[in-house]
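Chemist: Just so it is clear, I am handing over data-v3.tsv, which has TSV, C-alpha atoms.
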```
chain	number	residue	atom	x	y	z
A	1	MET	CA	-26.59	-4.92	4.40
A	2	THR	CA	-25.21	-1.96	6.33
A	3	ILE	CA	-21.92	-0.18	5.86
A	4	SER	CA	-20.05	1.34	8.79
A	5	ASP	CA	-17.98	4.53	8.73
A	6	THR	CA	-14.89	2.42	8.03
A	7	GLY	CA	-16.48	0.78	5.00
A	8	PHE	CA	-16.99	-2.55	6.77
A	9	VAL	CA	-20.16	-4.38	5.72
A	10	PHE	CA	-21.99	-6.09	8.55
A	11	SER	CA	-24.45	-8.93	8.18
A	12	SER	CA	-26.25	-11.32	10.48
A	13	LEU	CA	-25.87	-14.27	8.09
A	14	TYR	CA	-24.15	-17.35	9.43
A	15	ASN	CA	-22.49	-20.13	7.43
A	16	MET	CA	-20.78	-17.68	5.10
A	17	ALA	CA	-17.75	-18.87	3.16
A	18	ARG	CA	-14.55	-16.85	3.52
A	19	PHE	CA	-12.34	-16.13	0.52
A	20	LYS	CA	-8.88	-14.57	0.28
A	21	LEU	CA	-8.36	-12.20	-2.65
A	22	LEU	CA	-5.09	-10.96	-4.13
A	23	ILE	CA	-5.64	-7.63	-5.87
A	24	GLU	CA	-3.73	-5.15	-8.01
A	25	TYR	CA	-4.86	-1.65	-8.87
A	26	GLU	CA	-3.73	1.59	-10.43
A	27	GLY	CA	-4.74	4.08	-7.77
A	28	THR	CA	-4.58	7.35	-9.70
A	29	LYS	CA	-8.35	7.80	-10.03
A	30	TYR	CA	-9.21	6.71	-6.49
A	31	ASN	CA	-9.33	8.52	-3.19
A	32	GLY	CA	-7.54	5.59	-1.59
A	33	TRP	CA	-8.66	2.07	-0.70
A	34	GLN	CA	-11.27	2.74	1.96
A	35	VAL	CA	-14.90	3.65	1.33
A	36	GLN	CA	-15.56	7.32	2.01
A	37	LYS	CA	-18.86	9.07	1.51
A	38	GLY	CA	-18.97	10.96	-1.77
A	39	GLN	CA	-15.50	9.75	-2.82
A	40	LYS	CA	-14.38	7.18	-5.38
A	41	SER	CA	-12.54	4.32	-3.66
A	42	VAL	CA	-11.16	0.89	-4.54
A	43	GLN	CA	-13.19	-0.77	-1.79
A	44	GLY	CA	-16.32	0.96	-3.06
A	45	ALA	CA	-15.72	-0.48	-6.54
A	46	PHE	CA	-15.64	-3.95	-4.97
A	47	PHE	CA	-18.90	-3.32	-3.13
A	48	ASP	CA	-20.54	-2.47	-6.44
A	49	ALA	CA	-19.06	-5.52	-8.19
A	50	CYS	CA	-20.13	-7.86	-5.37
A	51	LYS	CA	-23.73	-6.69	-5.67
A	52	VAL	CA	-23.71	-7.73	-9.33
A	53	VAL	CA	-21.91	-11.07	-8.85
A	54	PHE	CA	-23.80	-12.23	-5.75
A	55	GLY	CA	-27.05	-10.32	-6.17
A	56	GLU	CA	-28.31	-6.92	-5.10
A	57	LYS	CA	-29.79	-8.34	-1.88
A	58	ALA	CA	-26.78	-10.51	-1.02
A	59	LYS	CA	-25.14	-9.89	2.34
A	60	PHE	CA	-21.36	-9.89	2.41
A	61	GLU	CA	-18.34	-8.59	4.27
A	62	PHE	CA	-15.27	-7.28	2.46
A	63	TYR	CA	-12.18	-6.17	4.36
A	64	GLY	CA	-8.73	-5.20	3.06
A	65	SER	CA	-5.34	-5.70	4.71
A	66	GLY	CA	-5.04	-1.96	5.20
A	67	ARG	CA	-5.64	1.43	3.67
A	68	THR	CA	-3.65	2.96	0.85
A	69	ASP	CA	-3.56	6.73	0.40
A	70	SER	CA	-5.24	8.59	-2.43
A	71	GLY	CA	-3.42	7.96	-5.71
A	72	VAL	CA	-1.30	5.09	-4.34
A	73	HIS	CA	-1.14	1.83	-6.30
A	74	ALA	CA	-1.08	-1.84	-5.29
A	75	LEU	CA	0.65	-4.85	-6.79
A	76	GLY	CA	-0.41	-7.21	-4.00
A	77	GLN	CA	-3.25	-5.90	-1.85
A	78	VAL	CA	-5.00	-8.65	0.12
A	79	ALA	CA	-8.65	-8.72	1.16
A	80	HIS	CA	-11.06	-11.25	2.58
A	81	LEU	CA	-14.61	-11.69	1.42
A	82	ASP	CA	-17.39	-13.36	3.40
A	83	VAL	CA	-20.40	-14.34	1.34
A	84	GLN	CA	-22.91	-17.16	1.08
A	85	THR	CA	-22.36	-18.60	-2.40
A	86	ASN	CA	-21.95	-21.85	-4.31
A	87	LEU	CA	-19.81	-20.23	-7.00
A	88	PRO	CA	-16.35	-21.80	-7.49
A	89	VAL	CA	-13.38	-19.52	-6.80
A	90	GLU	CA	-12.49	-19.03	-10.47
A	91	ARG	CA	-16.06	-17.96	-11.26
A	92	ILE	CA	-15.88	-15.45	-8.41
A	93	ARG	CA	-12.59	-14.05	-9.72
A	94	MET	CA	-13.90	-13.77	-13.27
A	95	GLY	CA	-17.23	-12.34	-12.16
A	96	LEU	CA	-15.61	-9.64	-10.05
A	97	ASN	CA	-13.17	-8.72	-12.83
A	98	ASP	CA	-16.01	-8.49	-15.35
A	99	ASN	CA	-17.68	-5.90	-13.12
A	100	LEU	CA	-14.68	-3.96	-11.83
A	101	PRO	CA	-13.13	-0.94	-13.59
A	102	SER	CA	-10.20	-1.75	-15.86
A	103	ASP	CA	-7.70	-0.24	-13.40
A	104	ILE	CA	-8.59	-2.81	-10.70
A	105	ASN	CA	-7.84	-6.50	-11.17
A	106	VAL	CA	-8.33	-9.57	-8.98
A	107	LEU	CA	-5.27	-11.75	-9.46
A	108	SER	CA	-6.52	-14.74	-7.47
A	109	VAL	CA	-9.31	-15.97	-5.23
A	110	GLU	CA	-8.95	-18.90	-2.83
A	111	LYS	CA	-10.97	-20.41	-0.02
A	112	ALA	CA	-9.69	-19.23	3.36
A	113	ASP	CA	-10.02	-20.46	6.90
A	114	ALA	CA	-12.98	-18.90	8.70
A	115	GLN	CA	-10.56	-17.35	11.19
A	116	PHE	CA	-8.34	-15.70	8.57
A	117	HIS	CA	-8.39	-11.91	8.68
A	118	ALA	CA	-6.72	-9.91	5.91
A	119	ARG	CA	-5.70	-7.09	8.22
A	120	PHE	CA	-5.17	-8.56	11.67
A	121	ASP	CA	-3.31	-11.67	10.48
A	122	ALA	CA	-0.83	-9.66	8.41
A	123	VAL	CA	2.61	-9.58	10.02
A	124	GLU	CA	4.39	-7.20	7.64
A	125	ARG	CA	3.66	-4.94	4.68
A	126	SER	CA	6.02	-4.24	1.79
A	127	TYR	CA	6.02	-0.98	-0.17
A	128	VAL	CA	8.08	0.05	-3.17
A	129	TYR	CA	8.56	3.65	-4.29
A	130	ILE	CA	9.73	4.27	-7.86
A	131	ILE	CA	11.76	7.36	-8.79
A	132	SER	CA	12.62	8.00	-12.42
A	133	LYS	CA	15.99	9.55	-13.21
A	134	ARG	CA	14.92	10.73	-16.64
A	135	ARG	CA	11.97	12.31	-18.37
A	136	SER	CA	9.81	9.64	-19.95
A	137	ALA	CA	6.86	9.48	-22.32
A	138	PHE	CA	5.48	6.58	-20.25
A	139	GLY	CA	4.23	6.09	-16.74
A	140	LYS	CA	3.80	9.68	-15.54
A	141	GLN	CA	1.11	8.49	-13.12
A	142	ASN	CA	3.29	5.61	-11.91
A	143	ILE	CA	6.59	7.27	-11.05
A	144	TRP	CA	8.12	10.39	-9.53
A	145	TRP	CA	10.49	12.01	-12.02
A	146	ILE	CA	13.20	13.97	-10.24
A	147	LYS	CA	15.31	16.23	-12.42
A	148	ASP	CA	18.09	16.67	-9.83
A	149	ARG	CA	20.92	14.20	-9.72
A	150	LEU	CA	20.62	12.25	-6.46
A	151	ASN	CA	23.52	10.87	-4.44
A	152	VAL	CA	22.19	7.35	-3.93
A	153	ALA	CA	25.11	6.31	-1.73
A	154	ARG	CA	24.17	9.01	0.80
A	155	MET	CA	20.52	7.98	0.58
A	156	ILE	CA	21.47	4.39	1.40
A	157	GLU	CA	23.52	5.51	4.41
A	158	ALA	CA	20.66	7.65	5.72
A	159	SER	CA	18.10	4.89	5.10
A	160	GLU	CA	19.85	2.68	7.66
A	161	THR	CA	18.66	5.11	10.34
A	162	PHE	CA	15.10	3.85	9.85
A	163	TYR	CA	15.87	0.21	10.69
A	164	GLY	CA	14.27	-1.14	13.84
A	165	ARG	CA	11.45	0.15	16.03
A	166	HIS	CA	11.04	3.92	16.09
A	167	ASP	CA	8.46	6.57	16.83
A	168	PHE	CA	7.41	7.90	13.41
A	169	ARG	CA	5.25	10.80	14.64
A	170	SER	CA	7.34	13.17	12.50
A	171	PHE	CA	6.37	11.16	9.43
A	172	THR	CA	2.59	11.10	9.73
A	173	ASP	CA	-0.45	13.27	10.39
A	174	ARG	CA	-2.87	12.88	13.27
A	175	ASP	CA	-5.23	9.97	12.62
A	176	ALA	CA	-8.10	9.03	14.92
A	177	GLU	CA	-7.73	5.35	13.94
A	178	THR	CA	-4.03	5.22	14.94
A	179	ASP	CA	-3.32	4.20	18.53
A	180	THR	CA	0.47	4.45	18.35
A	181	THR	CA	3.12	5.93	16.08
A	182	LEU	CA	5.64	3.21	16.93
A	183	VAL	CA	6.53	1.13	13.85
A	184	ASN	CA	9.13	-1.59	13.27
A	185	ILE	CA	11.06	-1.42	9.97
A	186	SER	CA	12.73	-4.70	8.95
A	187	VAL	CA	13.79	-3.91	5.37
A	188	MET	CA	15.05	-0.61	3.96
A	189	ASP	CA	16.66	-1.27	0.56
A	190	ILE	CA	17.48	1.15	-2.24
A	191	HIS	CA	18.10	-0.24	-5.73
A	192	GLU	CA	19.38	1.75	-8.69
A	193	THR	CA	19.22	0.97	-12.40
A	194	ASP	CA	20.19	3.12	-15.38
A	195	ASN	CA	16.85	4.93	-15.26
A	196	LEU	CA	15.24	4.13	-11.91
A	197	ILE	CA	15.72	4.33	-8.17
A	198	ALA	CA	13.50	1.91	-6.23
A	199	ILE	CA	13.09	2.33	-2.47
A	200	HIS	CA	11.83	-0.88	-0.84
A	201	ILE	CA	10.44	-0.64	2.70
A	202	VAL	CA	9.02	-3.50	4.78
A	203	GLY	CA	7.48	-2.85	8.18
A	204	SER	CA	5.04	-4.15	10.75
A	205	HIS	CA	2.52	-1.59	9.52
A	206	PHE	CA	2.59	1.92	8.11
A	207	LEU	CA	1.06	5.19	9.22
A	208	TRP	CA	-0.80	7.65	7.02
A	209	LYS	CA	1.66	9.22	4.51
A	210	MET	CA	4.60	7.61	6.37
A	211	VAL	CA	6.28	5.94	3.38
A	212	ARG	CA	5.93	9.03	1.21
A	213	ARG	CA	7.54	11.19	3.89
A	214	ILE	CA	10.39	8.76	4.38
A	215	VAL	CA	10.97	8.84	0.61
A	216	GLY	CA	10.78	12.64	0.47
A	217	THR	CA	13.28	12.91	3.31
A	218	LEU	CA	15.70	10.50	1.64
A	219	VAL	CA	15.42	12.44	-1.61
A	220	GLU	CA	16.51	15.60	0.22
A	221	VAL	CA	19.48	13.67	1.56
A	222	GLY	CA	20.26	12.66	-2.02
A	223	ARG	CA	20.04	16.29	-3.09
A	224	GLY	CA	22.45	17.27	-0.34
A	225	ASN	CA	19.93	19.36	1.62
A	226	LEU	CA	19.79	17.00	4.62
A	227	LYS	CA	22.32	14.81	6.40
A	228	GLU	CA	22.01	11.42	8.07
A	229	ALA	CA	22.18	13.16	11.46
A	230	ASP	CA	19.15	15.27	10.51
A	231	VAL	CA	17.16	12.12	9.79
A	232	ALA	CA	18.14	10.60	13.13
A	233	LEU	CA	16.98	13.75	14.90
A	234	MET	CA	13.57	13.52	13.22
A	235	LEU	CA	13.14	10.08	14.77
A	236	ARG	CA	14.27	11.17	18.25
A	237	SER	CA	11.91	14.13	18.53
A	238	PHE	CA	9.04	15.60	16.56
A	239	SER	CA	9.94	17.59	13.47
A	240	PRO	CA	7.59	19.36	11.01
A	241	ILE	CA	10.13	18.97	8.18
A	242	PRO	CA	9.02	15.55	6.76
A	243	ALA	CA	5.47	16.88	6.21
A	244	LYS	CA	6.90	19.51	3.86
A	245	LEU	CA	8.81	16.82	1.94
A	246	THR	CA	5.95	14.38	1.28
A	247	ALA	CA	6.61	12.56	-1.99
A	248	PRO	CA	3.75	12.41	-4.52
A	249	PRO	CA	1.56	9.26	-4.44
A	250	SER	CA	2.26	8.44	-8.10
A	251	GLY	CA	5.41	6.43	-7.39
A	252	LEU	CA	4.16	4.38	-4.42
A	253	TYR	CA	3.08	0.72	-4.57
A	254	LEU	CA	1.82	-1.67	-1.93
A	255	GLU	CA	4.03	-4.51	-3.15
A	256	HIS	CA	3.11	-7.39	-0.85
A	257	VAL	CA	1.30	-8.23	2.38
A	258	TYR	CA	3.06	-10.91	4.41
A	259	TYR	CA	1.42	-13.50	6.62
A	260	LYS	CA	2.88	-15.98	9.09
A	261	GLY	CA	5.31	-18.41	7.43
A	262	GLU	CA	6.01	-16.28	4.35
A	263	ARG	CA	9.58	-15.28	3.55
A	264	VAL	CA	10.17	-11.61	2.80
A	265	LEU	CA	11.53	-11.13	-0.72
A	266	ARG	CA	14.30	-8.62	-1.34
A	267	GLY	CA	16.36	-7.48	-4.30
A	268	PRO	CA	15.81	-5.69	-7.61
A	269	LYS	CA	13.15	-8.22	-8.66
A	270	ILE	CA	10.63	-6.40	-6.49
A	271	ILE	CA	10.72	-3.45	-8.93
A	272	PRO	CA	7.42	-3.55	-10.86
A	273	GLY	CA	8.14	-5.01	-14.29
A	274	ILE	CA	5.79	-2.60	-16.07
A	275	LEU	CA	8.02	0.30	-15.05
A	276	ARG	CA	11.09	-1.03	-16.81
A	277	LEU	CA	9.86	1.02	-19.76
A	278	VAL	CA	10.90	4.14	-17.90
```
Kindly return the structure encoded in the file as structure tokens.

Modeler:
Amino acid sequence: MTISDTGFVFSSLYNMARFKLLIEYEGTKYNGWQVQKGQKSVQGAFFDACKVVFGEKAKFEFYGSGRTDSGVHALGQVAHLDVQTNLPVERIRMGLNDNLPSDINVLSVEKADAQFHARFDAVERSYVYIISKRRSAFGKQNIWWIKDRLNVARMIEASETFYGRHDFRSFTDRDAETDTTLVNISVMDIHETDNLIAIHIVGSHFLWKMVRRIVGTLVEVGRGNLKEADVALMLRSFSPIPAKLTAPPSGLYLEHVYYKGERVLRGPKIIPGILRLV
């Protein structure tokens, strides 16, 4: 078994079975999803668990739908696993969970078509960012508490600027793995409860730190420091401002990865239930 710089595990074994995994994790303790030398990652935890479940000498491939930043959480990350095994899917799920840290959980395992690819077959990704409107004894690592009173109506108006296909170079850092900064946004919803503001974004894909910078920019609109016209200008030409407004990773969740034929879910129900304590 050899691991590439991207964390992909290559093997020469044929006749491997392919499995689709649905995964949730609390990302606070991890330097993101992807394996990085000398860093703790979610993908790395799966490599370790696979060696126990399938054997130290087993050859496998494990590939996620995409990277999440350091400290970002997932409610519905998708990965595919190629391995030669006779274990039934439920035994694989249980075996992985028995050997994963408590802040990573495999929700389901199912047999997948040999051509299925967790990343390249995904058509849209859904993220939710949770802002708390009050100080809370719970969930400090899972929310962003903002003391200022935010004008949510203005945030909603400004959020409409992001709809459609735009160049988001103002909302990301240079990344050698990114060929283009053009992204299509199909959903940009903001929901408010007594204690929470949830920003729901669905797009074709997302650039490094992009969602957090969109959220940080909208928060400044809510504070009254930016206007809708300022946001539009950031999309028309490069601006260094969003980088200075990057929201903390604590409130960000990869909510769902959509594949062909799936209907995108919208509405307050996408707010993570565990955060209703806040």

Chemist: From the set A:Lys59, A:His166, A:His80, A:Arg119, which residue has the shortest atom-to-atom contact distance to Ser237 in chain A, counting all atoms listed in the file?

Modeler: A:His166

Chemist: So which residues touch His191 in chain A within 8 Å, counting only C-alpha atoms, skipping near sequence neighbours fewer than 2 positions away, as a PyMOL selection string?

Modeler: chain A and resi 189+193+197-200+267-268

Chemist: Leaving out Thr181 in chain A and any residue of its chain fewer than 2 positions from it, which residues lie within 7 Å of it when counting only C-alpha atoms, given as JSON, numbers by chain?

Modeler: {"A": [167, 168, 169, 183]}

Chemist: Quote the spacing between CA of Asp230 in chain A and CA of Ser186 in chain A in Å to one decimal place.

Modeler: 21.0 Å

Chemist: Quick check, in Å to one decimal: how far apart do CA of Ala74 in chain A and CA of Glu262 in chain A lie?

Modeler: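 These atoms are spaced 18.8 Å apart.
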
Chemist: In Å, how far is it from CA of Pro240 in chain A to CA of Gly216 in chain A?

Modeler: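 Here the two named atoms are 12.9 Å from each other.
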
Chemist: Smallest atom-to-atom distance to Gln77 in chain A: which of A:Gly64, A:Gly95, A:Gly164, A:Gly222, using only C-alpha atoms?

Modeler: A:Gly64

Chemist: Can you tell me which residues surround His205 in chain A at a distance of at most 12 Å, considering all atoms listed in the file, apart from same-chain residues fewer than 3 positions away, and format the answer as a ChimeraX atom specification?

Modeler: /A:65-68,119-127,165,168,178,180-186,201-202,208-211,254,256-258

Chemist: Between A:Lys133, A:Lys57, A:Arg236, A:Arg213, single out the one closest to Leu252 in chain A, counting only C-alpha atoms.

Modeler: A:Arg213

Chemist: Considering all atoms listed in the file, return as JSON, numbers by chain whatever protein or nucleic-acid residues lie within 9 Å of Ile92 in chain A, sequence-local ones (same chain, fewer than 3 positions apart) excluded.

Modeler: {"A": [53, 54, 87, 88, 89, 95, 96, 97, 109]}

Chemist: Is it possible to dump range 135-150 of chain A as a short mmCIF file (atom, residue, chain, number, x, y, z; two decimals), in the first residue's frame, including just N, CA, C and O atoms?

Modeler:
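Result file selection24.cif:
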```
data_model
loop_
_atom_site.label_atom_id
_atom_site.label_comp_id
_atom_site.auth_asym_id
_atom_site.auth_seq_id
_atom_site.Cartn_x
_atom_site.Cartn_y
_atom_site.Cartn_z
N ARG A 135 -24.96 33.95 24.41
CA ARG A 135 -23.93 33.18 25.08
C ARG A 135 -24.56 31.88 25.56
O ARG A 135 -25.69 31.86 26.05
N SER A 136 -23.83 30.78 25.41
CA SER A 136 -24.38 29.49 25.80
C SER A 136 -23.34 28.66 26.53
O SER A 136 -22.13 28.79 26.28
N ALA A 137 -23.81 27.81 27.44
CA ALA A 137 -22.91 26.90 28.14
C ALA A 137 -22.59 25.68 27.28
O ALA A 137 -21.75 24.86 27.65
N PHE A 138 -23.29 25.54 26.14
CA PHE A 138 -23.14 24.36 25.30
C PHE A 138 -22.61 24.74 23.91
O PHE A 138 -22.87 25.82 23.39
N GLY A 139 -21.90 23.82 23.32
CA GLY A 139 -21.60 23.92 21.90
C GLY A 139 -20.61 24.99 21.48
O GLY A 139 -20.66 25.44 20.34
N LYS A 140 -19.70 25.40 22.35
CA LYS A 140 -18.75 26.45 21.98
C LYS A 140 -17.93 26.08 20.74
O LYS A 140 -17.52 26.93 19.96
N GLN A 141 -17.66 24.77 20.58
CA GLN A 141 -16.85 24.32 19.45
C GLN A 141 -17.71 24.06 18.21
O GLN A 141 -17.18 23.65 17.18
N ASN A 142 -19.02 24.30 18.33
CA ASN A 142 -19.93 23.98 17.24
C ASN A 142 -20.72 25.17 16.72
O ASN A 142 -21.62 25.00 15.88
N ILE A 143 -20.41 26.35 17.21
CA ILE A 143 -21.14 27.55 16.80
C ILE A 143 -20.17 28.74 16.75
O ILE A 143 -19.03 28.64 17.20
N TRP A 144 -20.66 29.85 16.22
CA TRP A 144 -19.96 31.12 16.33
C TRP A 144 -20.90 32.07 17.07
O TRP A 144 -21.93 32.46 16.54
N TRP A 145 -20.54 32.39 18.31
CA TRP A 145 -21.36 33.33 19.08
C TRP A 145 -20.96 34.74 18.71
O TRP A 145 -19.78 35.13 18.84
N ILE A 146 -21.93 35.52 18.26
CA ILE A 146 -21.70 36.92 17.91
C ILE A 146 -22.49 37.79 18.87
O ILE A 146 -23.73 37.68 18.97
N LYS A 147 -21.80 38.63 19.60
CA LYS A 147 -22.44 39.48 20.59
C LYS A 147 -23.29 40.58 19.95
O LYS A 147 -24.32 40.98 20.50
N ASP A 148 -22.84 41.09 18.80
CA ASP A 148 -23.56 42.19 18.16
C ASP A 148 -24.91 41.73 17.64
O ASP A 148 -25.09 40.59 17.20
N ARG A 149 -25.85 42.64 17.66
CA ARG A 149 -27.15 42.34 17.07
C ARG A 149 -27.05 42.50 15.56
O ARG A 149 -26.63 43.55 15.06
N LEU A 150 -27.42 41.45 14.82
CA LEU A 150 -27.29 41.45 13.37
C LEU A 150 -28.63 41.76 12.71
O LEU A 150 -29.68 41.27 13.15
#
```
